[in-house]
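Novice: Pasting target.txt below, which is compact mmCIF, C-alpha atoms.
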```
# COMPACT_ATOMS: atom_id res chain seq x y z
CA MET A 23 -15.84 -51.57 11.79
CA ALA A 24 -13.20 -53.81 13.26
CA SER A 25 -13.69 -56.21 10.43
CA ASN A 26 -13.20 -53.42 7.92
CA ALA A 27 -10.07 -52.32 9.66
CA ASN A 28 -8.69 -55.80 9.52
CA GLN A 29 -9.47 -56.46 5.93
CA ASN A 30 -8.58 -54.47 2.89
CA HIS A 31 -11.31 -53.88 0.34
CA ASN A 32 -9.30 -55.81 -2.19
CA ALA A 33 -11.43 -58.93 -1.95
CA ASP A 34 -9.08 -61.02 -4.05
CA ASP A 35 -6.09 -60.42 -1.85
CA PRO A 36 -7.15 -59.11 1.56
CA VAL A 37 -4.64 -57.58 3.95
CA LEU A 38 -4.78 -59.15 7.39
CA GLN A 39 -3.21 -57.94 10.61
CA TRP A 40 -1.24 -60.32 12.74
CA VAL A 41 0.08 -59.90 16.26
CA THR A 42 3.55 -61.38 16.41
CA PHE A 43 5.18 -62.94 19.44
CA ARG A 44 8.40 -64.74 20.18
CA LEU A 45 8.70 -68.27 21.45
CA ASP A 46 11.95 -70.20 21.75
CA GLY A 47 13.75 -67.89 19.34
CA GLU A 48 11.16 -68.01 16.57
CA THR A 49 8.49 -65.49 15.62
CA TYR A 50 4.86 -66.50 15.47
CA GLY A 51 1.78 -64.64 14.33
CA ILE A 52 -1.85 -64.78 15.42
CA ASN A 53 -4.80 -63.05 13.82
CA VAL A 54 -5.30 -59.69 15.53
CA MET A 55 -9.06 -60.19 15.48
CA GLN A 56 -8.67 -63.04 17.96
CA VAL A 57 -6.51 -61.07 20.38
CA GLN A 58 -8.41 -59.38 23.21
CA GLU A 59 -5.52 -58.00 25.19
CA VAL A 60 -1.90 -58.52 26.17
CA LEU A 61 -1.01 -58.77 29.86
CA ARG A 62 2.28 -58.56 31.66
CA TYR A 63 3.15 -61.80 33.37
CA THR A 64 1.19 -62.25 36.53
CA GLU A 65 1.17 -65.13 38.94
CA ILE A 66 -0.65 -68.10 37.49
CA ALA A 67 -2.43 -70.29 40.02
CA PRO A 68 -1.84 -73.96 39.20
CA VAL A 69 -4.86 -76.22 39.11
CA PRO A 70 -4.45 -79.72 40.55
CA GLY A 71 -5.39 -82.40 38.05
CA ALA A 72 -5.35 -80.06 35.07
CA PRO A 73 -4.00 -81.36 31.75
CA ALA A 74 -0.27 -80.90 31.14
CA TYR A 75 -0.84 -78.14 28.58
CA VAL A 76 -2.60 -75.99 31.21
CA LEU A 77 -0.37 -73.74 33.31
CA GLY A 78 -3.19 -72.63 35.56
CA ILE A 79 -5.69 -69.83 35.96
CA ILE A 80 -5.55 -66.08 36.43
CA ASN A 81 -8.11 -63.60 37.66
CA LEU A 82 -8.82 -61.08 34.93
CA ARG A 83 -11.04 -58.35 36.35
CA GLY A 84 -13.20 -60.86 38.13
CA ASN A 85 -13.18 -63.48 35.37
CA VAL A 86 -11.23 -66.69 35.64
CA VAL A 87 -9.09 -67.27 32.55
CA THR A 88 -7.21 -70.48 31.85
CA VAL A 89 -3.62 -70.00 30.70
CA ILE A 90 -2.18 -72.49 28.20
CA ASP A 91 1.48 -73.50 28.25
CA THR A 92 2.22 -72.60 24.64
CA ARG A 93 5.69 -74.09 24.68
CA HIS A 94 4.29 -77.41 25.86
CA ARG A 95 1.54 -77.21 23.26
CA PHE A 96 4.07 -76.67 20.48
CA ALA A 97 6.41 -79.36 21.87
CA LEU A 98 9.12 -76.77 22.52
CA PRO A 99 11.55 -76.87 25.45
CA THR A 100 10.48 -75.13 28.62
CA GLY A 101 11.60 -71.54 29.12
CA GLU A 102 12.03 -69.09 31.94
CA VAL A 103 9.76 -66.22 32.82
CA THR A 104 11.43 -62.86 32.08
CA ASP A 105 10.43 -59.20 32.11
CA ASN A 106 9.29 -59.65 28.51
CA THR A 107 7.02 -62.61 29.20
CA ARG A 108 3.41 -61.88 28.32
CA ILE A 109 0.03 -63.56 28.59
CA VAL A 110 -1.94 -62.98 25.42
CA ILE A 111 -5.68 -63.20 25.99
CA ILE A 112 -7.30 -64.66 22.92
CA GLU A 113 -10.66 -65.81 21.76
CA ALA A 114 -10.66 -69.12 19.97
CA ASP A 115 -13.55 -71.37 19.11
CA ASN A 116 -15.88 -69.20 21.26
CA HIS A 117 -13.68 -69.59 24.33
CA VAL A 118 -11.43 -67.05 26.01
CA ILE A 119 -8.05 -68.32 27.12
CA GLY A 120 -4.57 -66.98 27.77
CA ILE A 121 -1.42 -68.17 26.04
CA LEU A 122 1.97 -67.65 27.62
CA VAL A 123 4.63 -66.30 25.23
CA ASP A 124 8.25 -65.15 25.60
CA SER A 125 7.43 -61.65 24.35
CA VAL A 126 5.03 -59.78 22.12
CA ALA A 127 6.66 -58.02 19.18
CA GLU A 128 4.40 -55.99 16.90
CA VAL A 129 1.42 -55.97 14.56
CA VAL A 130 2.23 -56.72 10.95
CA TYR A 131 0.13 -56.41 7.82
CA LEU A 132 0.21 -59.39 5.50
CA ARG A 133 -1.50 -59.91 2.21
CA GLN A 134 -3.23 -63.24 1.91
CA SER A 135 -1.11 -63.95 -1.15
CA GLU A 136 2.06 -63.56 0.92
CA ILE A 137 1.12 -66.47 3.15
CA GLU A 138 2.51 -69.80 2.05
CA MET A 139 1.44 -73.24 3.08
CA ALA A 140 3.80 -74.89 5.54
CA PRO A 141 4.84 -78.50 5.18
CA ASN A 142 3.28 -81.09 7.43
CA VAL A 143 5.56 -84.09 7.68
CA GLY A 144 5.64 -86.61 10.48
CA ASN A 145 2.96 -87.72 12.85
CA GLU A 146 2.85 -84.91 15.41
CA GLU A 147 -0.61 -83.56 16.09
CA SER A 148 0.77 -80.11 16.80
CA ALA A 149 1.64 -79.57 13.12
CA LYS A 150 -2.00 -78.72 12.48
CA PHE A 151 -1.61 -75.55 14.58
CA ILE A 152 0.46 -74.00 11.80
CA GLN A 153 -1.71 -72.10 9.36
CA GLY A 154 1.11 -71.01 7.11
CA VAL A 155 4.39 -69.14 6.91
CA CYS A 156 5.34 -65.74 5.59
CA HIS A 157 8.62 -63.93 5.05
CA LYS A 158 8.37 -60.44 6.52
CA ASN A 159 10.98 -57.95 7.69
CA ASP A 160 13.80 -60.40 6.95
CA GLU A 161 12.40 -63.11 9.12
CA LEU A 162 10.05 -65.99 8.74
CA LEU A 163 6.73 -65.70 10.55
CA ILE A 164 4.96 -68.87 11.56
CA LEU A 165 1.25 -68.15 11.53
CA ILE A 166 -0.85 -70.00 14.08
CA GLU A 167 -4.37 -71.29 13.59
CA LEU A 168 -5.76 -70.55 17.05
CA ASN A 169 -9.06 -72.30 16.41
CA LYS A 170 -7.18 -75.59 16.15
CA LEU A 171 -5.13 -75.02 19.28
CA LEU A 172 -7.43 -77.25 21.29
CA SER A 173 -9.76 -80.04 20.23
CA ASP A 174 -13.42 -80.22 21.23
CA HIS A 175 -12.48 -82.77 23.85
CA GLU A 176 -9.82 -80.47 25.25
CA TRP A 177 -12.16 -77.49 25.34
CA ALA A 178 -14.53 -79.67 27.35
CA GLU A 179 -11.65 -80.54 29.67
CA LEU A 180 -10.99 -76.84 30.26
CA GLU A 181 -14.64 -76.28 31.14
CA ASP A 182 -14.25 -78.75 33.99
CA ILE A 183 -11.31 -76.95 35.56
CA MET B 6 42.11 -108.18 -3.77
CA SER B 7 39.66 -109.94 -6.07
CA ASP B 8 36.73 -108.09 -7.55
CA SER B 9 34.17 -109.90 -5.45
CA LYS B 10 36.14 -109.19 -2.27
CA THR B 11 36.33 -105.53 -3.18
CA ASP B 12 32.60 -105.54 -3.71
CA ASP B 13 32.09 -107.15 -0.32
CA VAL B 14 34.27 -104.57 1.43
CA LEU B 15 32.43 -101.71 -0.25
CA GLN B 16 29.09 -103.33 0.54
CA ASP B 17 30.07 -103.69 4.20
CA TYR B 18 31.28 -100.11 4.37
CA LEU B 19 28.14 -98.64 2.88
CA SER B 20 25.84 -101.03 4.68
CA ASP B 21 27.48 -100.06 7.95
CA LEU B 22 27.19 -96.35 7.31
CA LEU B 23 23.69 -96.58 6.00
CA GLY B 24 22.61 -98.74 8.93
CA VAL B 25 21.28 -101.50 6.68
CA GLY B 26 19.32 -104.10 8.60
CA SER B 27 18.03 -101.85 11.33
CA GLU B 28 14.33 -101.94 12.04
CA SER B 29 13.99 -98.27 12.94
CA GLU B 30 12.90 -96.80 9.65
CA SER B 31 11.31 -93.44 9.12
CA SER B 32 7.70 -93.30 8.04
CA THR B 33 8.66 -92.52 4.47
CA ARG B 34 10.41 -95.83 4.07
CA SER B 35 9.04 -99.32 3.93
CA ALA B 36 10.66 -102.45 5.35
CA ALA B 37 12.31 -105.00 3.08
CA SER B 38 15.73 -106.28 2.17
CA PRO B 39 18.32 -103.60 1.56
CA ALA B 40 20.50 -105.90 -0.50
CA ILE B 41 22.20 -104.24 -3.43
CA ALA B 42 21.66 -106.21 -6.62
CA ALA B 43 24.24 -106.86 -9.28
CA PRO B 44 23.83 -104.93 -12.50
CA GLN B 45 21.28 -106.48 -14.79
CA SER B 46 21.02 -106.25 -18.54
CA GLU B 47 23.50 -103.84 -20.08
CA ALA B 48 21.22 -103.02 -23.02
CA VAL B 49 20.97 -99.30 -23.45
CA LYS B 50 17.97 -97.77 -25.14
CA PRO B 51 18.68 -94.68 -27.25
CA MET B 52 17.53 -91.56 -25.44
CA PRO B 53 14.93 -89.42 -27.18
CA LEU B 54 16.32 -86.21 -28.65
CA ALA B 55 14.06 -83.99 -26.52
CA GLU B 56 15.30 -85.65 -23.36
CA LYS B 57 18.91 -85.12 -24.41
CA ASP B 58 18.13 -81.46 -24.93
CA VAL B 59 16.56 -81.22 -21.50
CA MET B 60 19.58 -82.87 -19.91
CA ALA B 61 21.92 -80.51 -21.71
CA ILE B 62 19.88 -77.54 -20.54
CA LYS B 63 19.84 -78.84 -16.97
CA ARG B 64 23.59 -79.38 -17.03
CA GLU B 65 24.16 -75.83 -18.18
CA GLN B 66 21.81 -74.51 -15.51
CA LEU B 67 23.54 -76.46 -12.81
CA GLN B 68 26.96 -75.29 -13.85
CA LYS B 69 25.68 -71.75 -13.44
CA LEU B 70 24.04 -72.57 -10.15
CA LEU B 71 27.17 -74.16 -8.79
CA GLN B 72 29.05 -71.03 -9.71
CA SER B 73 26.42 -68.82 -8.07
CA ALA B 74 26.63 -70.93 -4.92
CA ARG B 75 30.37 -70.40 -4.86
CA VAL B 76 29.92 -66.65 -5.00
CA GLN B 77 27.36 -66.74 -2.20
CA VAL B 78 29.53 -68.96 -0.08
CA GLU B 79 32.46 -66.63 -0.52
CA GLN B 80 30.25 -63.80 0.71
CA VAL B 81 29.26 -65.81 3.75
CA ALA B 82 32.92 -66.61 4.40
CA ASP B 83 33.75 -62.91 4.30
CA VAL B 84 31.09 -62.17 6.89
CA ASP B 85 32.41 -64.87 9.20
CA LEU B 86 36.02 -63.68 9.08
CA ASN B 87 35.86 -62.02 12.48
CA GLU B 88 34.40 -64.99 14.26
CA PRO B 89 37.07 -67.09 15.98
CA ALA B 90 35.12 -70.32 15.61
CA ALA B 91 34.52 -69.87 11.93
CA VAL B 92 35.26 -72.91 9.79
CA PRO B 93 36.89 -72.31 6.41
CA VAL B 94 34.34 -72.80 3.71
CA GLN B 95 35.23 -75.26 1.01
CA ALA B 96 33.63 -73.86 -2.07
CA PRO B 97 32.84 -76.06 -5.03
CA VAL B 98 35.23 -75.30 -7.87
CA VAL B 99 33.43 -75.41 -11.16
CA PRO B 100 34.73 -74.02 -14.43
CA VAL B 101 32.49 -71.39 -15.89
CA SER B 102 32.28 -71.55 -19.62
CA GLN B 103 29.97 -68.64 -20.20
CA VAL B 104 28.69 -65.52 -18.55
CA THR B 105 25.04 -64.70 -18.84
CA SER B 106 23.71 -61.19 -19.08
CA LYS B 107 20.87 -59.99 -16.88
CA GLU B 108 17.50 -60.53 -18.47
CA SER B 109 14.54 -58.23 -18.32
CA PRO B 110 12.03 -59.21 -15.62
CA SER B 111 9.31 -60.22 -18.03
CA VAL B 112 11.60 -62.49 -20.02
CA GLY B 113 13.08 -63.83 -16.80
CA GLU B 114 9.66 -64.62 -15.38
CA THR B 115 8.61 -66.34 -18.56
CA LEU B 116 11.78 -68.41 -18.62
CA GLU B 117 11.32 -69.26 -14.96
CA ALA B 118 7.80 -70.51 -15.60
CA ILE B 119 9.04 -72.61 -18.52
CA GLU B 120 11.90 -73.98 -16.45
CA ASP B 121 9.52 -74.90 -13.62
CA ALA B 122 7.23 -76.71 -16.03
CA VAL B 123 10.18 -78.54 -17.58
CA ALA B 124 11.50 -79.38 -14.13
CA LEU B 125 8.24 -80.97 -13.00
CA ASN B 126 8.04 -82.93 -16.20
CA VAL B 127 11.61 -84.11 -15.90
CA LEU B 128 11.09 -85.15 -12.28
CA ASP B 129 8.14 -87.36 -13.19
CA GLU B 130 9.96 -88.93 -16.12
CA GLN B 131 13.11 -89.54 -14.13
CA LEU B 132 11.30 -91.65 -11.54
CA GLU B 133 11.06 -94.55 -13.94
CA TRP B 134 13.41 -97.53 -13.83
CA LEU B 135 13.75 -99.45 -17.07
CA ASP B 136 13.93 -103.16 -17.72
CA ASN B 137 17.72 -103.08 -17.76
CA GLY B 138 17.67 -102.41 -14.01
CA ARG B 139 18.69 -98.78 -14.21
CA PRO B 140 16.77 -95.55 -13.78
CA ARG B 141 15.88 -93.56 -16.86
CA TRP B 142 18.44 -90.90 -15.96
CA ALA B 143 21.24 -93.46 -16.04
CA GLN B 144 20.79 -94.97 -19.49
CA ASN B 145 23.91 -93.25 -20.81
CA THR B 146 26.81 -91.57 -19.08
CA PHE B 147 25.55 -89.10 -16.52
CA GLU B 148 27.00 -86.47 -14.25
CA VAL B 149 26.75 -86.63 -10.51
CA LEU B 150 27.61 -84.21 -7.76
CA LEU B 151 29.51 -85.60 -4.81
CA PHE B 152 28.89 -84.23 -1.36
CA LYS B 153 29.61 -85.14 2.22
CA VAL B 154 27.11 -85.79 4.96
CA SER B 155 28.49 -86.68 8.39
CA GLY B 156 31.55 -88.27 6.81
CA LEU B 157 29.59 -90.26 4.23
CA THR B 158 30.06 -89.41 0.58
CA LEU B 159 26.84 -89.29 -1.37
CA ALA B 160 26.36 -88.81 -5.09
CA VAL B 161 23.33 -87.28 -6.75
CA PRO B 162 22.64 -87.05 -10.47
CA LEU B 163 22.81 -83.48 -11.72
CA ILE B 164 19.69 -84.01 -13.81
CA SER B 165 17.38 -83.44 -10.86
CA LEU B 166 19.30 -80.92 -8.81
CA GLY B 167 18.16 -77.37 -8.32
CA GLN B 168 20.26 -74.81 -6.50
CA ILE B 169 23.01 -74.91 -3.94
CA GLN B 170 22.49 -72.35 -1.20
CA PRO B 171 24.40 -71.75 2.01
CA LEU B 172 22.56 -72.64 5.21
CA THR B 173 22.19 -69.52 7.32
CA ASP B 174 20.79 -68.37 10.64
CA GLU B 175 17.56 -67.74 8.78
CA LEU B 176 16.86 -71.47 8.77
CA THR B 177 13.58 -71.59 10.69
CA PRO B 178 12.49 -74.81 12.37
CA LEU B 179 8.79 -75.62 12.54
CA PHE B 180 7.31 -77.46 15.48
CA GLY B 181 5.34 -80.66 15.04
CA GLN B 182 7.37 -81.97 12.09
CA ALA B 183 9.30 -85.19 11.54
CA ASP B 184 12.71 -85.25 13.19
CA TRP B 185 14.49 -85.23 9.81
CA PHE B 186 12.95 -81.87 8.95
CA MET B 187 15.47 -79.13 9.77
CA GLY B 188 13.36 -76.13 8.84
CA LEU B 189 12.65 -73.60 6.13
CA GLN B 190 15.63 -71.86 4.55
CA PRO B 191 14.64 -68.60 2.82
CA THR B 192 16.44 -68.21 -0.49
CA ALA B 193 16.12 -65.92 -3.47
CA SER B 194 14.02 -68.55 -5.19
CA GLY B 195 11.73 -69.33 -2.26
CA LYS B 196 11.68 -71.20 1.00
CA VAL B 197 13.58 -74.46 0.77
CA ARG B 198 12.20 -77.16 3.03
CA THR B 199 15.47 -78.43 4.37
CA VAL B 200 15.98 -82.09 5.17
CA ASN B 201 18.47 -83.25 7.77
CA THR B 202 20.15 -85.58 5.30
CA ALA B 203 22.19 -87.39 7.94
CA LYS B 204 19.07 -88.29 9.89
CA PHE B 205 17.13 -89.15 6.75
CA VAL B 206 19.79 -91.38 5.23
CA MET B 207 21.33 -93.04 8.29
CA PRO B 208 19.13 -92.43 11.34
CA GLU B 209 20.80 -95.27 13.28
CA ARG B 210 24.17 -93.56 13.14
CA TYR B 211 23.00 -90.00 13.44
CA ASP B 212 25.48 -87.57 14.96
CA PRO B 213 23.78 -84.39 16.27
CA ALA B 214 26.95 -82.47 15.36
CA PHE B 215 25.65 -82.49 11.79
CA GLU B 216 23.33 -79.61 12.62
CA GLN B 217 26.41 -77.48 13.28
CA THR B 218 28.57 -78.80 10.44
CA ALA B 219 25.97 -78.63 7.66
CA LYS B 220 26.83 -75.65 5.44
CA TYR B 221 24.72 -75.96 2.32
CA VAL B 222 21.31 -76.99 1.20
CA ILE B 223 21.01 -78.61 -2.23
CA SER B 224 17.51 -78.14 -3.55
CA ILE B 225 15.79 -80.76 -5.64
CA ASN B 226 14.56 -79.59 -8.98
CA GLY B 227 10.80 -79.29 -9.28
CA VAL B 228 9.98 -79.63 -5.58
CA PRO B 229 10.41 -77.17 -2.70
CA TRP B 230 12.69 -79.58 -0.82
CA GLY B 231 16.45 -79.59 -0.33
CA LEU B 232 19.13 -81.70 1.32
CA ALA B 233 21.44 -80.25 3.95
CA VAL B 234 25.06 -81.25 3.36
CA ASP B 235 28.43 -80.61 4.95
CA ASN B 236 30.26 -79.72 1.78
CA VAL B 237 30.01 -80.03 -1.97
CA GLU B 238 32.72 -81.55 -4.13
CA GLN B 239 33.39 -81.68 -7.85
CA PRO B 240 30.81 -83.02 -10.27
CA ILE B 241 32.01 -86.21 -11.96
CA THR B 242 30.84 -88.22 -14.94
CA LEU B 243 29.78 -91.82 -14.44
CA SER B 244 28.88 -94.51 -16.89
CA PRO B 245 26.10 -96.91 -15.93
CA GLU B 246 28.69 -99.67 -15.51
CA ASP B 247 30.42 -97.68 -12.76
CA VAL B 248 27.43 -98.20 -10.50
CA LYS B 249 26.27 -101.28 -8.70
CA TRP B 250 22.53 -100.79 -9.13
CA ARG B 251 20.13 -102.02 -6.52
CA GLY B 252 17.72 -104.69 -7.67
CA THR B 253 15.19 -104.45 -4.86
CA ARG B 254 14.24 -100.99 -3.76
CA THR B 255 11.30 -101.66 -1.50
CA GLN B 256 13.43 -100.59 1.44
CA ARG B 257 15.27 -97.29 1.06
CA PRO B 258 13.86 -96.62 -2.38
CA TRP B 259 15.91 -93.42 -2.49
CA LEU B 260 19.16 -95.43 -2.69
CA ALA B 261 19.89 -96.15 -6.37
CA GLY B 262 23.15 -98.00 -5.89
CA THR B 263 26.79 -97.69 -4.94
CA VAL B 264 29.81 -96.36 -6.79
CA LYS B 265 32.85 -98.45 -5.98
CA ALA B 266 35.39 -96.11 -7.53
CA HIS B 267 34.34 -93.26 -5.26
CA MET B 268 33.20 -95.30 -2.25
CA CYS B 269 29.88 -93.56 -2.20
CA ALA B 270 26.17 -94.17 -2.26
CA LEU B 271 24.23 -92.93 -5.28
CA LEU B 272 20.90 -91.33 -4.43
CA ASP B 273 17.89 -91.68 -6.69
CA ILE B 274 17.19 -87.99 -6.28
CA PRO B 275 13.92 -87.95 -8.27
CA MET B 276 12.67 -90.62 -5.87
CA VAL B 277 13.86 -88.58 -2.89
CA GLY B 278 11.83 -85.67 -4.23
CA LYS B 279 8.77 -87.86 -4.67
CA LEU B 280 9.08 -89.38 -1.17
CA LEU B 281 9.41 -85.95 0.42
CA THR B 282 6.47 -84.57 -1.53
CA ASP B 283 4.34 -87.60 -0.66
CA SER B 284 5.22 -87.27 3.02
CA ASP B 285 3.69 -83.77 3.19
CA LYS B 286 0.10 -84.10 4.37
CA ASN B 287 -0.64 -80.50 3.46
CA ALA B 288 0.51 -81.08 -0.12
CA ARG B 289 -1.86 -84.01 -0.34
CA LEU B 290 -4.73 -81.85 0.85
CA ALA B 291 -3.95 -79.01 -1.55
```
If you took the structure in this file and wrote it as structure tokens, what would it be?
Specialist:
Amino acid sequence: MASNANQNHNADDPVLQWVTFRLDGETYGINVMQVQEVLRYTEIAPVPGAPAYVLGIINLRGNVVTVIDTRHRFALPTGEVTDNTRIVIIEADNHVIGILVDSVAEVVYLRQSEIEMAPNVGNEESAKFIQGVCHKNDELLILIELNKLLSDHEWAELEDI
Amino acid sequence: MSDSKTDDVLQDYLSDLLGVGSESESSTRSAASPAIAAPQSEAVKPMPLAEKDVMAIKREQLQKLLQSARVQVEQVADVDLNEPAAVPVQAPVVPVSQVTSKESPSVGETLEAIEDAVALNVLDEQLEWLDNGRPRWAQNTFEVLLFKVSGLTLAVPLISLGQIQPLTDELTPLFGQADWFMGLQPTASGKVRTVNTAKFVMPERYDPAFEQTAKYVISINGVPWGLAVDNVEQPITLSPEDVKWRGTRTQRPWLAGTVKAHMCALLDIPMVGKLLTDSDKNARLA
């Protein structure tokens, strides 16, 4: 059912839903099917010895969830926590993690054909996180490939936290 | 001042601005001597008729585009009138010889597809340098557009230019890219991948103020890339003899030569387009 809701029957040009969030003044999108829930900011317990991209852990109804520092991951400057700050709980590569964002905006519908390939110039590893770009509602959405957010090695690192 | 002394002064000026001799090159450039070679053989091969036609068409298109950019810039200037820090916009002044009527969408789309195909073809052809030490696009007199980047005057041949669009707040940076990539500028004709020209051309002397002073992006015909510039000046006509062509282009292959009369560097814009396209890993995968 959820799959049907997410995908139009037009097989040639499916319509996908994206949850958009703001980070350092730009708007990003993640596939709604990978979003489990959106939480208000809650205290994140730091973990000694954790990798730099890990902010810490939170207790989500009895489950421990690791929260990723999205700004660090995207090589963006650090930001402050505000009333709009959210932790988006996502499922990526069969793992559940949280990503810290400046705010969550809306859900948008995008046709596959509307998504354009983004350039990848330079040598930064983080460029691979960008799945594509799309112009919607007079702004440019940067669509994130969550399954590439962490490498196999990094997922293994998170398991050890 | 003798001719050779004048050449030396110009060489020093441009070498200084372009940071010739520095080791810190971007990944798109290789390392070799930046020396600018004296012009070689002056023999000029007759240009094929079809190529002349293409050049004439491109010139006409660019005249229209320059005019359209002026209109857009004037609109931007109007919007900024209430802002105290607004800088007066220096619009390119280009005579308009003809006014085109609006075409029906189907005809327009067809023409656009033809123009794109022609543009790609032209870009490939224009990459070639002939035995006389000049690029194919400079076998006869050619028109160039002068523009300013962080105080440096650059010239680009009109043959490979696309549109001139104002840079706006809609310029969207992307993380994880090379430092010379400014972002994506949405325009009516698509998203222009905007290059920080100052950082690309003279990284050793880069002034971060350029990001505030850059007003336009000049797109390169046939590729989705464009160069951010401070302002655009008049197009001028050059003869091949006006340019001191570079003999060795292993380092800074995008630099075609220097124009003494205008104290500027002449960009090999088809090569710039190729270098930018080649630098995109996603384009290589596609």
Novice: When the cut-off is 8 Å and we count only C-alpha atoms, which residues of chain B are near chain A, given as a PDB file with C-alpha atoms, in the frame of the given file?
Specialist:
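Generated output (out.pdb):
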```pdb
ATOM      1  CA  SER B  32       7.700 -93.300   8.040  1.00  0.00           C
ATOM      2  CA  GLU B 175      17.560 -67.740   8.780  1.00  0.00           C
ATOM      3  CA  THR B 177      13.580 -71.590  10.690  1.00  0.00           C
ATOM      4  CA  LEU B 179       8.790 -75.620  12.540  1.00  0.00           C
ATOM      5  CA  PHE B 180       7.310 -77.460  15.480  1.00  0.00           C
ATOM      6  CA  GLY B 181       5.340 -80.660  15.040  1.00  0.00           C
ATOM      7  CA  GLN B 182       7.370 -81.970  12.090  1.00  0.00           C
ATOM      8  CA  ALA B 183       9.300 -85.190  11.540  1.00  0.00           C
ATOM      9  CA  ASP B 184      12.710 -85.250  13.190  1.00  0.00           C
ATOM     10  CA  PHE B 186      12.950 -81.870   8.950  1.00  0.00           C
ATOM     11  CA  PRO B 191      14.640 -68.600   2.820  1.00  0.00           C
ATOM     12  CA  ARG B 198      12.200 -77.160   3.030  1.00  0.00           C
ATOM     13  CA  SER B 284       5.220 -87.270   3.020  1.00  0.00           C
ATOM     14  CA  ASP B 285       3.690 -83.770   3.190  1.00  0.00           C
ATOM     15  CA  LYS B 286       0.100 -84.100   4.370  1.00  0.00           C
ATOM     16  CA  ASN B 287      -0.640 -80.500   3.460  1.00  0.00           C
ATOM     17  CA  ALA B 288       0.510 -81.080  -0.120  1.00  0.00           C
TER      18      ALA B 288
END
```
Novice: Please measure the separation of CA of Leu61 in chain A and CA of Asp91 in chain A, giving the value in Å to one decimal.
Specialist: 15.0 Å
Novice: One decimal, Å: what's the distance from CA of Ala114 in chain A over to CA of Asn159 in chain A, could you say?
Specialist: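 Result for CA of Ala114 in chain A versus CA of Asn159 in chain A: 27.3 Å, one decimal.
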Novice: The centre and edge lengths of an axis-aligned box containing all atoms of range 163-171 of chain A present in the file, extended by 6 Å on each side, are to be given in Å to one decimal, as JSON.
Specialist:
```
{"center_x": -1.2, "center_y": -70.6, "center_z": 14.9, "size_x": 27.8, "size_y": 21.9, "size_z": 20.7}
```
Novice: Determine, counting all atoms listed in the file, which protein, DNA and RNA residues have an atom within 8 Å of an atom of Pro240 in chain B; residues of the same chain fewer than 4 positions away are not included. Present the result as a VMD selection string.
Specialist: chain B and resid 148 to 151
Novice: Can you work out the spacing between CA of His175 in chain A and CA of Thr92 in chain A in Å, to one decimal?
Specialist: 17.9 Å
Novice: Given all atoms listed in the file as the basis, pick out the residue of A:Met55, A:Ile166, A:Leu172, A:His94 nearest to Ala74 in chain A.
Specialist: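 The answer is A:His94, which sits nearest to Ala74 in chain A.
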Novice: Taking (-13.2, -75.7, 14.1) as a centre in this file's frame and 12 Å as the limit, can you find every polymer residue with an atom that close, using only C-alpha atoms, and give them as number ranges by chain?
Specialist: A: 114-117, 150-151, 167-174, 177
Novice: Identify which of the residues A:Leu77, A:Val86, A:Ile183, A:Val41 lies closest to Val60 in chain A, counting only C-alpha atoms when measuring atom-to-atom distances.
Specialist: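 When distances to Val60 in chain A are compared using only C-alpha atoms, the smallest one comes from A:Val41.
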Novice: Where atoms are absent from range 150-158 of chain A, fill them in so it carries N, CA and C atoms, then output it as an mmCIF file, keeping the file's coordinate frame.
Specialist:
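See selection.cif below for the written result:
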```
data_model
loop_
_atom_site.group_PDB
_atom_site.id
_atom_site.type_symbol
_atom_site.label_atom_id
_atom_site.label_comp_id
_atom_site.auth_asym_id
_atom_site.auth_seq_id
_atom_site.Cartn_x
_atom_site.Cartn_y
_atom_site.Cartn_z
ATOM 1 N N LYS A 150 -0.764 -79.313 13.014
ATOM 2 C CA LYS A 150 -2.000 -78.720 12.480
ATOM 3 C C LYS A 150 -2.226 -77.302 13.013
ATOM 4 N N PHE A 151 -1.465 -76.908 14.042
ATOM 5 C CA PHE A 151 -1.610 -75.550 14.580
ATOM 6 C C PHE A 151 -1.026 -74.514 13.627
ATOM 7 N N ILE A 152 -0.194 -74.949 12.709
ATOM 8 C CA ILE A 152 0.460 -74.000 11.800
ATOM 9 C C ILE A 152 -0.438 -73.742 10.587
ATOM 10 N N GLN A 153 -0.836 -72.485 10.471
ATOM 11 C CA GLN A 153 -1.710 -72.100 9.360
ATOM 12 C C GLN A 153 -0.921 -71.834 8.091
ATOM 13 N N GLY A 154 0.279 -71.310 8.266
ATOM 14 C CA GLY A 154 1.110 -71.010 7.110
ATOM 15 C C GLY A 154 2.368 -70.280 7.567
ATOM 16 N N VAL A 155 3.166 -69.894 6.602
ATOM 17 C CA VAL A 155 4.390 -69.140 6.910
ATOM 18 C C VAL A 155 4.472 -67.943 5.980
ATOM 19 N N CYS A 156 5.215 -66.944 6.412
ATOM 20 C CA CYS A 156 5.340 -65.740 5.590
ATOM 21 C C CYS A 156 6.671 -65.068 5.905
ATOM 22 N N HIS A 157 7.349 -64.632 4.869
ATOM 23 C CA HIS A 157 8.620 -63.930 5.050
ATOM 24 C C HIS A 157 8.331 -62.445 5.163
ATOM 25 N N LYS A 158 8.653 -61.864 6.306
ATOM 26 C CA LYS A 158 8.370 -60.440 6.520
ATOM 27 C C LYS A 158 9.497 -59.826 7.350
#
```
